[in-house]
Amino acid sequence: MESEFFIRISGENEELAEGEVQAVLETEEIGYIILKRLPQVILLSSNPQCVEAITRKCAMTREGGSLLFICKAEMGEIIHAVSGIRPNRLGEMEDRFSVRIRRIQGSSREIHAESLEGEMGRMILERRPDLKVDLRNPRQAFLGLLTGGNMVFGLKRIEVRPRDYQSRRPRDRPFFHPSSMAPMLARTMANLSRCREGELLLDPFCGTGGILLEAGLTGRRVLGSDVKPEMVEGTLRNLSHAGVDYEGLVASEIGNLPFIRVDSIATDTPYGKLSTTLGNPPEYLIEKLLNSASKVIPDGRFICIGSRIETGLMEKAETAGFTFIKSFHFREHRSLTRVILVLRKEG
C-alpha cells in the first residue's frame with residue numbers, strides 16, 4: 001500500500017542527496033513518485049518499506065517519516081491542519097511523544113518554533129488524551145519542518161546520524177592518505193552504483209578503501225585493486241579494522257584488471273597532486289577504466305565514477321558501451337570539485 005513520506009536531506013548538495021535516495025529505492029525495487037521538492041525536503045509516495053531502506057543505506061538523508069500534512073507556514077493554516085488530523089494517525093495507544101520544529105535555511109522567521117511546538121503538543125493531547133508528553137525519551141516524535149514558506153509535519157520514522165560517519169573519519173583509520181574520500185561521499189557513491197546486498201562491487205582505484213568500507217558495511221561483497229601495493233595493503237588494514245570482509249584485494253594496473261565479472265563499480269579516479277597517476281593524464285586513466293569496466297560488468301548494470309574532469313567523458317563512455325544516466329558536481333572545498341558520473345552498461 002502506497003503512503004506519503006517526507007525526507008529532510010543534507011543541504012550540502014541537495015541534488016546529490018536526492019539522487020542517492022532515488023538510487024537506493026530503485027536498487028531495492030521499491031516504487032516511488034516524487035510529489036514535491038522544497039528546500040532540503042522531498043515529499044514522495046512510496047511503500048512503507050522505503051523507511052527501512054533509506055535509514056539503513058542513505059548517507060545524505062538526515063531524517064523523515066510519515067507525512068501528516070503540508071500547508072503554508074502561517075499560524076492559522078498550521079492550527080487548522082493539526083485539527084484536521086484523524087486521531088488514529090497520531091500514533092500508538094498510550095505512547096510517550098514529543099513535538100519538534102526545525103527551521104530550514106531561515107524559513108518563516110516570524111514563527112516562534114518553541115511556542116508552536118507547545119501549541120501543537122497541546123492540540124495532539126486534546127485529540128488523543130491517552131498519549132503523554134515526554135521530551136527526553138519519547139517513543140514517537142512528531143517533526144515539523146519550516147521550509148520554503150511551508151510547514152511539513154509528520155511522524156518521524158527515519159534518522160540518519162552524521163556522527164556515525166564522523167566516527168569513521170579517514171584520519172582515524174589505521175592507514176591514512178591525504179587523498180582519502182570522506183565516508184559520507186564514499187557511501188553515496190556506493191549507493192549510486194546500484195549494487196545490491198550480496199552482490200559484488202569493485203573499486204579499481206581503491207586507494208585507502210573508503211568506498212569498499214562503506215559498501216561492505218551495507219552488505220555488499222567487495223573487491224578492490226590499486227596500482228600501488230602499499231595502497232592495497234592499506235586498504236586491507238582499514239577493512240580489517242572495520243570488520244569488513246572482502247572477496248579480494250590485488251595490485252593491478254587499470255588496463256589489466258584480473259577479474260572476470262563484477263556486478264557494479266564505484267570508484268574515484270586519481271587526480272591532483274595527492275593522488276598517484278604514475279604520470280598518466282586523468283583522461284587516459286578514465287578511458288582505460290571504461291574499457292576495462294565494459295569487459296567485466298554485465299549489461300544493464302551501473303558504474304559510478306568520481307573525477308575532476310568532464311570534458312570528453314560522455315564520448316568516452318559511449319564508445320565503451322555505456323549510457324549516461326546522471327552527473328553531479330560535489331564541491332568538497334575551494335580547490336576540489338568532483339564530477340560524479342553514473343553510467344549504465346548497454347548490450
# chains A, B, ... in the order shown; residues from 1 in each chain; ligands from 1
>>> closest_atom_pairs(of="stretch 146-192 of chain A", to="stretch 99-102 of chain A", cutoff="9 Å", atoms="only C-alpha atoms", output="JSON lines")
{"residue": "A:Leu146", "atom": "CA", "partner": "A:Arg102", "partner_atom": "CA", "distance": 6.2}
{"residue": "A:Thr147", "atom": "CA", "partner": "A:Arg102", "partner_atom": "CA", "distance": 8.6}
{"residue": "A:Phe153", "atom": "CA", "partner": "A:Ile101", "partner_atom": "CA", "distance": 8.7}
>>> residues_around(residues="A:Glu92", least_positions_apart="5", cutoff="12 Å", atoms="only C-alpha atoms", output="list in words")
Pro87, Phe97, Arg128, Pro129, Asp130, Leu131, Lys132, Arg139, Gln140, Ala141 and Leu155 of chain A
>>> closest_residue(among="A:Leu143, A:Glu110, A:Leu116, A:Arg127", to="A:Phe69", atoms="only C-alpha atoms")
A:Leu143
>>> select_by_dssp(residues="stretch 141-234 of chain A", states="helix (DSSP H, G or I)", output="count of residues only")
32
>>> residues_around(residues="A:Ile340", least_positions_apart="4", cutoff="12 Å", atoms="only C-alpha atoms", output="number ranges by chain")
A: 15-16, 19-20, 185-186, 188-190, 192-193, 266-269, 303-310, 313, 324-331
>>> residues_around(residues="stretch 226-228 of chain A", least_positions_apart="6", cutoff="8 Å", atoms="only C-alpha atoms", output="number ranges by chain")
A: 204-207, 250-254
>>> write_last_selection(atoms="C-alpha atoms", output="compact mmCIF listing (two decimals), in the first residue's frame")
# COMPACT_ATOMS: atom_id res chain seq x y z
CA PRO A 204 39.67 -0.49 -9.24
CA PHE A 205 41.26 2.65 -7.75
CA CYS A 206 40.64 1.58 -4.16
CA GLY A 207 43.25 3.85 -2.52
CA VAL A 250 45.11 -7.05 -5.66
CA ALA A 251 47.79 -4.74 -7.01
CA SER A 252 46.91 -4.19 -10.66
CA GLU A 253 47.16 -1.59 -13.40
CA ILE A 254 43.75 -0.33 -14.55
>>> select_by_dssp(residues="stretch 145-281 of chain A", states="strand (DSSP E or B)", output="VMD selection string")
chain A and resid 145 to 147 150 to 159 200 to 203 221 to 226 248 to 251 264 to 268
>>> closest_residue(among="A:Glu77, A:Asp95, A:Glu159, A:Glu29", to="A:Gly65", atoms="only C-alpha atoms")
A:Glu159
>>> closest_residue(among="A:Asn238, A:Ser115, A:Asn256, A:Thr55", to="A:Gly216", atoms="only C-alpha atoms")
A:Asn238
>>> atom_distance(atom1="atom CA of A:Thr337", atom2="atom CA of A:Pro282")
14.6 Å
>>> closest_residue(among="A:Leu213, A:Met120, A:Leu285, A:Val41", to="A:Gln105", atoms="only C-alpha atoms")
A:Val41
>>> decode(residues="stretch 80-92 of chain A", atoms="N, CA and C atoms", output="mmCIF file, in the first residue's frame")
data_model
loop_
_atom_site.group_PDB
_atom_site.id
_atom_site.type_symbol
_atom_site.label_atom_id
_atom_site.label_comp_id
_atom_site.auth_asym_id
_atom_site.auth_seq_id
_atom_site.Cartn_x
_atom_site.Cartn_y
_atom_site.Cartn_z
ATOM 1 N N HIS A 80 -5.188 24.861 11.800
ATOM 2 C CA HIS A 80 -6.283 24.206 11.077
ATOM 3 C C HIS A 80 -5.861 22.816 10.594
ATOM 4 N N ALA A 81 -4.633 22.708 10.090
ATOM 5 C CA ALA A 81 -4.154 21.417 9.589
ATOM 6 C C ALA A 81 -4.015 20.393 10.717
ATOM 7 N N VAL A 82 -3.514 20.829 11.880
ATOM 8 C CA VAL A 82 -3.390 19.906 13.014
ATOM 9 C C VAL A 82 -4.758 19.408 13.454
ATOM 10 N N SER A 83 -5.726 20.313 13.497
ATOM 11 C CA SER A 83 -7.066 19.922 13.940
ATOM 12 C C SER A 83 -7.729 18.951 12.975
ATOM 13 N N GLY A 84 -7.233 18.899 11.743
ATOM 14 C CA GLY A 84 -7.818 18.002 10.749
ATOM 15 C C GLY A 84 -7.190 16.624 10.702
ATOM 16 N N ILE A 85 -6.143 16.373 11.507
ATOM 17 C CA ILE A 85 -5.511 15.043 11.513
ATOM 18 C C ILE A 85 -6.443 14.040 12.198
ATOM 19 N N ARG A 86 -6.698 12.927 11.575
ATOM 20 C CA ARG A 86 -7.517 11.892 12.206
ATOM 21 C C ARG A 86 -6.811 11.351 13.441
ATOM 22 N N PRO A 87 -7.503 11.196 14.562
ATOM 23 C CA PRO A 87 -6.852 10.726 15.790
ATOM 24 C C PRO A 87 -6.098 9.414 15.632
ATOM 25 N N ASN A 88 -6.608 8.516 14.783
ATOM 26 C CA ASN A 88 -5.934 7.210 14.642
ATOM 27 C C ASN A 88 -4.602 7.311 13.907
ATOM 28 N N ARG A 89 -4.280 8.501 13.370
ATOM 29 C CA ARG A 89 -2.983 8.693 12.710
ATOM 30 C C ARG A 89 -1.948 9.295 13.649
ATOM 31 N N LEU A 90 -2.326 9.490 14.898
ATOM 32 C CA LEU A 90 -1.439 10.147 15.856
ATOM 33 C C LEU A 90 -0.673 9.159 16.723
ATOM 34 N N GLY A 91 -0.409 7.967 16.207
ATOM 35 C CA GLY A 91 0.471 7.049 16.903
ATOM 36 C C GLY A 91 -0.238 5.981 17.707
ATOM 37 N N GLU A 92 0.574 5.156 18.372
ATOM 38 C CA GLU A 92 0.066 4.021 19.141
ATOM 39 C C GLU A 92 -0.553 4.487 20.461
#
